[in-house]
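Presented below is the structure to which this report refers.
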Amino acid sequence: MERVKTGIHGLDEMLSGGFLPETANLVEGAPGTGKTTLGMQFIYNGATQFDQPGLILTFEEFPRQYYRDALSFGWDFKALEAQNKLRVVMTSPEVTKLDLQRVNGQVERMAAEIGAQRILIDSLSHFERMTTDPIELRGLVFEFINALKRLNFTCVLTRENPALLGEPGDVEDSGLAFVVDSYILLRYVEIESAVHKALLVLKLRGSNHDKEIREFTIGPDGMEVKTRFEDQEGIFTGTPRRRMRDAFAQAFPGANK
Amino acid sequence: MTNQDDMAARLMDDMDPKLLEFLRTKVNSFIKWDLVRFFHDNPHTTDTAENIARYAGRDPRTIESELIELTRSGVLEMQQVSNYKVYTLATDAEMRALIDRFILACDDRQFRVKAIYHVIRGMK
C-alpha cells in the first residue's frame with residue numbers, strides 16, 4: 001500500500017511505512033511536547049526528500065517564528081518558499097473554513113501554484129473558539145478535514161492538550177479522534193526525577209500500526225522516535241512505575257533461582 | 001519656508017526616489033509602516049482587519065482604515081470571502097520588490113531618520 005512517509009526516524013516504522021495518502025492525522029500533546037516540530041518535519045521532509053511540496057496554515061504563531069524555529073534544525077523554510085516548495089500562511093479558522101468552501105479559494109490556488117500535497121494545520125485547537133458546543137465543533141472539523149481531503153492533501157493537524165502529565169480529565173472528549181484517520185499522542189513522562197517524552201500511535205485507520213509506547217527526543221536534527229520504555233508500566237499516567245516483577249527481582253535477587 | 005528648513009528638506013529628500021515616493025504616497029503613517037513590515041515578515045498572511053489588529057496589537061478600527069488605504073495604494077489586496085473582507089500582500093512582483101527594498105533600507109539608521117521625517121510630514 002502506498003504511504004506518505006514522514007521521514008521521521010522511528011515514526012514511519014510505527015506507522016507501518018507512513019501515513020496513508022489523503023488522510024487527516026491528528027497529533028495531540030501538551031505544550032512543548034513537539035507537535036509543531038513533528039508537523040514541520042513532515043512538511044520539510046516532504047518538500048526536500050519526497051518531492052511533495054507543502055503548506056503550513058498557522059492560526060496563532062507568526063510565520064517568522066516558523067522560519068526561525070525551522071532554521072534552528074537546519075531547515076531553511078524561506079529558501080523552500082523561494083523554490084515554490086512551501087508556503088507558510090497565517091490566517092484564522094473562520095477565514096480558512098469559508099475560503100475552502102469557495103471554488104478556487106486562496107488555499108486551493110496556493111496549493112495548485114506549488115503542487116502542494118502535504119499540509120500542516122497548527123492548530124486545530126483554534127476551532128474551539130468558533131463554538132463551545134462539542135457536537136458543532138466535531139461537525140466544523142469534519143467539514144474542514146473533508147475540504148482538505150478534497151484538495152488531495154495528506155494532513156497533519158496538531159491539537160493542544162492542557163494535561164502536562166497524566167492528570168485526570170485529559171482524555172479526548174470532543175469526538176475529534178473519530179473524524180481523523182490517525183491519532184498520535186505525545187506525552188511528558190517522569191521517570192526517576194527526569195522528564196522524558198513518550199509517543200503512542202493510538203489509531204491508524206485502514207492499517208496495522210505499532211502499539212508500543214516509545215520514547216522520543218528532539219535533537220539538533222528534529223524529532224527521533226526511539227525504542228519503547230523498558231521495564232516500566234503506567235507510562236501514560238505520566239508517572240510510571242517499574243514493572244512489579246522487575247521491582248520484585250531487584251528487591252529479592254536470586255528469588256527466581 | 002526658511003533657508004534652514006529648505007536645506008533640511010533637501011537633505012531628507014536625499015534617498016532613492018522610488019522609496020521617497022513610496023513613503024510619500026503609500027507608507028504615510030507609522031501604523032502603515034508597521035503593517036508593511038508585518039506583511040513583509042509574514043508574506044502569506046490572509047486575514048480580516050480584526051485578526052490583523054490582534055496580531056499587530058492595535059485597535060481594529062484604526063487598522064481597518066489603514067488597511068483600506070494600503071489596498072487603494074496597491075500595497076495590499078482585499079478579497080471578499082463570504083461576509084469577511086480579507087487582506088493579503090499584493091501579488092504584483094514590482095510592488096513586492098519595492099517593499100523588500102524599503103524594509104532592507106530600514107536597516108540603515110540614516111534612512112530611518114529620513115523616513116520618519118517624511119512620515120511625520122505626511123501626517124501633518
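Going by the C-alpha cells order, chains are called A, B, ..., each with residues numbered from 1, while ligands are numbered from 1 in the order shown.
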
Please list as a list in words every residue within 7 Å of Gln117 (chain A), counting only C-alpha atoms and excluding residues in the same chain fewer than 3 positions away. Gln52, Pro53, Gly54, Asn152, Phe153 and Thr154 of chain A

Could you write out as a list in words the residues of chain A within 8 Å of chain B, counting only C-alpha atoms?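 Output check: Phe62, Pro63, Arg64, Arg87, Val88, Val89, Met90, Thr91, Ser92, Val95, Leu98 and Asp99 of chain A.
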
Write out, as a tab-separated table (two decimals), in the first residue's frame, the residues just selected, with N, CA, C and O atoms.
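The resulting file, part.tsv, is shown below:
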chain	number	residue	atom	x	y	z
A	62	PHE	N	3.32	33.39	14.43
A	62	PHE	CA	3.68	34.15	13.25
A	62	PHE	C	4.58	33.30	12.34
A	62	PHE	O	5.45	32.59	12.84
A	63	PRO	N	4.39	33.41	11.03
A	63	PRO	CA	5.27	32.67	10.11
A	63	PRO	C	6.75	32.89	10.40
A	63	PRO	O	7.55	31.97	10.32
A	64	ARG	N	7.11	34.12	10.79
A	64	ARG	CA	8.54	34.37	11.05
A	64	ARG	C	9.06	33.49	12.19
A	64	ARG	O	10.23	33.15	12.23
A	87	ARG	N	4.63	27.09	1.44
A	87	ARG	CA	4.03	28.38	1.79
A	87	ARG	C	3.63	28.30	3.26
A	87	ARG	O	2.97	27.33	3.67
A	88	VAL	N	4.04	29.30	4.03
A	88	VAL	CA	3.60	29.38	5.43
A	88	VAL	C	2.55	30.47	5.50
A	88	VAL	O	2.86	31.65	5.29
A	89	VAL	N	1.33	30.09	5.77
A	89	VAL	CA	0.20	31.02	5.68
A	89	VAL	C	-0.37	31.29	7.07
A	89	VAL	O	-0.74	30.34	7.78
A	90	MET	N	-0.43	32.55	7.42
A	90	MET	CA	-1.07	32.90	8.69
A	90	MET	C	-2.50	33.35	8.41
A	90	MET	O	-2.73	34.22	7.57
A	91	THR	N	-3.43	32.73	9.08
A	91	THR	CA	-4.83	33.06	8.87
A	91	THR	C	-5.63	32.65	10.10
A	91	THR	O	-5.06	32.44	11.16
A	92	SER	N	-6.94	32.59	9.96
A	92	SER	CA	-7.77	32.21	11.10
A	92	SER	C	-8.72	31.09	10.68
A	92	SER	O	-9.02	30.95	9.49
A	95	VAL	N	-11.79	32.28	8.55
A	95	VAL	CA	-11.50	32.64	7.15
A	95	VAL	C	-11.18	31.39	6.34
A	95	VAL	O	-11.66	31.22	5.22
A	98	LEU	N	-14.28	29.31	5.39
A	98	LEU	CA	-15.05	29.91	4.29
A	98	LEU	C	-14.26	29.88	2.98
A	98	LEU	O	-14.83	29.66	1.91
A	99	ASP	N	-12.96	30.05	3.09
A	99	ASP	CA	-12.11	30.02	1.89
A	99	ASP	C	-12.17	28.65	1.22
A	99	ASP	O	-12.24	28.54	0.00

From chain B, collect each residue whose DSSP state is strand (DSSP E or B) and return the set as JSON, numbers by chain. {"B": [47, 48, 76, 77, 78, 79, 80, 81, 84, 85, 86, 87, 88, 89]}

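Close contacts of Ile218 (chain A), defined as residues with an atom at most 10 Å away when counting only C-alpha atoms, with chain neighbours fewer than 6 positions off set aside, comprise Thr33, Gly34, Thr37, Leu38, Phe73, Lys197, Glu224 and Val225 of chain A.
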
Just to be explicit: take each residue in the selection above, keep C-alpha atoms, and write the result as an mmCIF file, in the first residue's frame.
data_model
loop_
_atom_site.group_PDB
_atom_site.id
_atom_site.type_symbol
_atom_site.label_atom_id
_atom_site.label_comp_id
_atom_site.auth_asym_id
_atom_site.auth_seq_id
_atom_site.Cartn_x
_atom_site.Cartn_y
_atom_site.Cartn_z
ATOM 1 C CA THR A 33 5.911 18.202 23.609
ATOM 2 C CA GLY A 34 6.864 18.640 19.939
ATOM 3 C CA THR A 37 8.179 20.133 15.321
ATOM 4 C CA LEU A 38 6.677 16.844 14.140
ATOM 5 C CA PHE A 73 17.020 22.447 12.956
ATOM 6 C CA LYS A 197 8.752 12.309 26.167
ATOM 7 C CA GLU A 224 13.669 10.990 16.577
ATOM 8 C CA VAL A 225 11.484 8.161 17.847
#

Name the residues of chain B that come out as helix (DSSP H, G or I) in a backbone DSSP run; write them as an MDAnalysis selection string. chainID B and resid 3:12 17:25 30:41 49:56 60:72 93:105 109:123

Which residues are close to Phe111 (chain B), i.e. within 12 Å by only C-alpha atoms, leaving aside same-chain residues fewer than 6 positions away? Reply as a PyMOL selection string. chain B and resi 11-16+19-20+23+101-105+117-118

Neighbouring residues of region 89-92 of chain B were defined as those with any atom within 7 Å, considering only C-alpha atoms; residues of the same chain fewer than 6 positions away were excluded. Please report them as a VMD selection string. chain B and resid 39 43 74 to 77

Residues as selected, C-alpha atoms, written as a PDB file, in the first residue's frame, can you do that?
ATOM      1  CA  PHE B  39       3.198  41.634   5.767  1.00  0.00           C
ATOM      2  CA  PRO B  43       4.072  37.368   3.421  1.00  0.00           C
ATOM      3  CA  GLY B  74      -1.607  48.761  -4.248  1.00  0.00           C
ATOM      4  CA  VAL B  75       0.499  47.535  -1.315  1.00  0.00           C
ATOM      5  CA  LEU B  76      -2.178  45.054  -0.231  1.00  0.00           C
ATOM      6  CA  GLU B  77      -5.057  43.260  -1.903  1.00  0.00           C
TER       7      GLU B  77
END

Can you list, as a VMD selection string, every protein, DNA or RNA residue that comes within 12 Å of region 137-147 of chain A when you count only C-alpha atoms, leaving out same-chain residues fewer than 4 positions away? chain A and resid 22 to 26 93 to 103 105 107 to 108 119 to 121 123 to 133 151 to 157 159 173 to 181

Gap from CA of Glu113 (chain A) to CA of Ala49 (chain B) - Å, one decimal: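 Going from CA of Glu113 (chain A) over to CA of Ala49 (chain B) covers 25.8 Å.
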
Residue with smallest distance to Val27 (chain B) - pool B:Asp100, B:Glu69, B:Glu64, B:Glu50, counting only C-alpha atoms: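 Using only C-alpha atoms, Val27 (chain B) sits closest to B:Glu69.
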
Using only C-alpha atoms, which of the listed residues (A:Glu61, A:Val201, A:Asn208, A:Arg187) sits closest to Pro162 (chain A)?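 Smallest distance to Pro162 (chain A) is found for A:Arg187.
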
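For the pair CA of Gly18 (chain A) and CA of Arg3 (chain A), the interatomic distance is 5.1 Å.
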
Work out how far CA of Arg214 (chain A) is from CA of Thr227 (chain A), in Å to one decimal. 5.3 Å
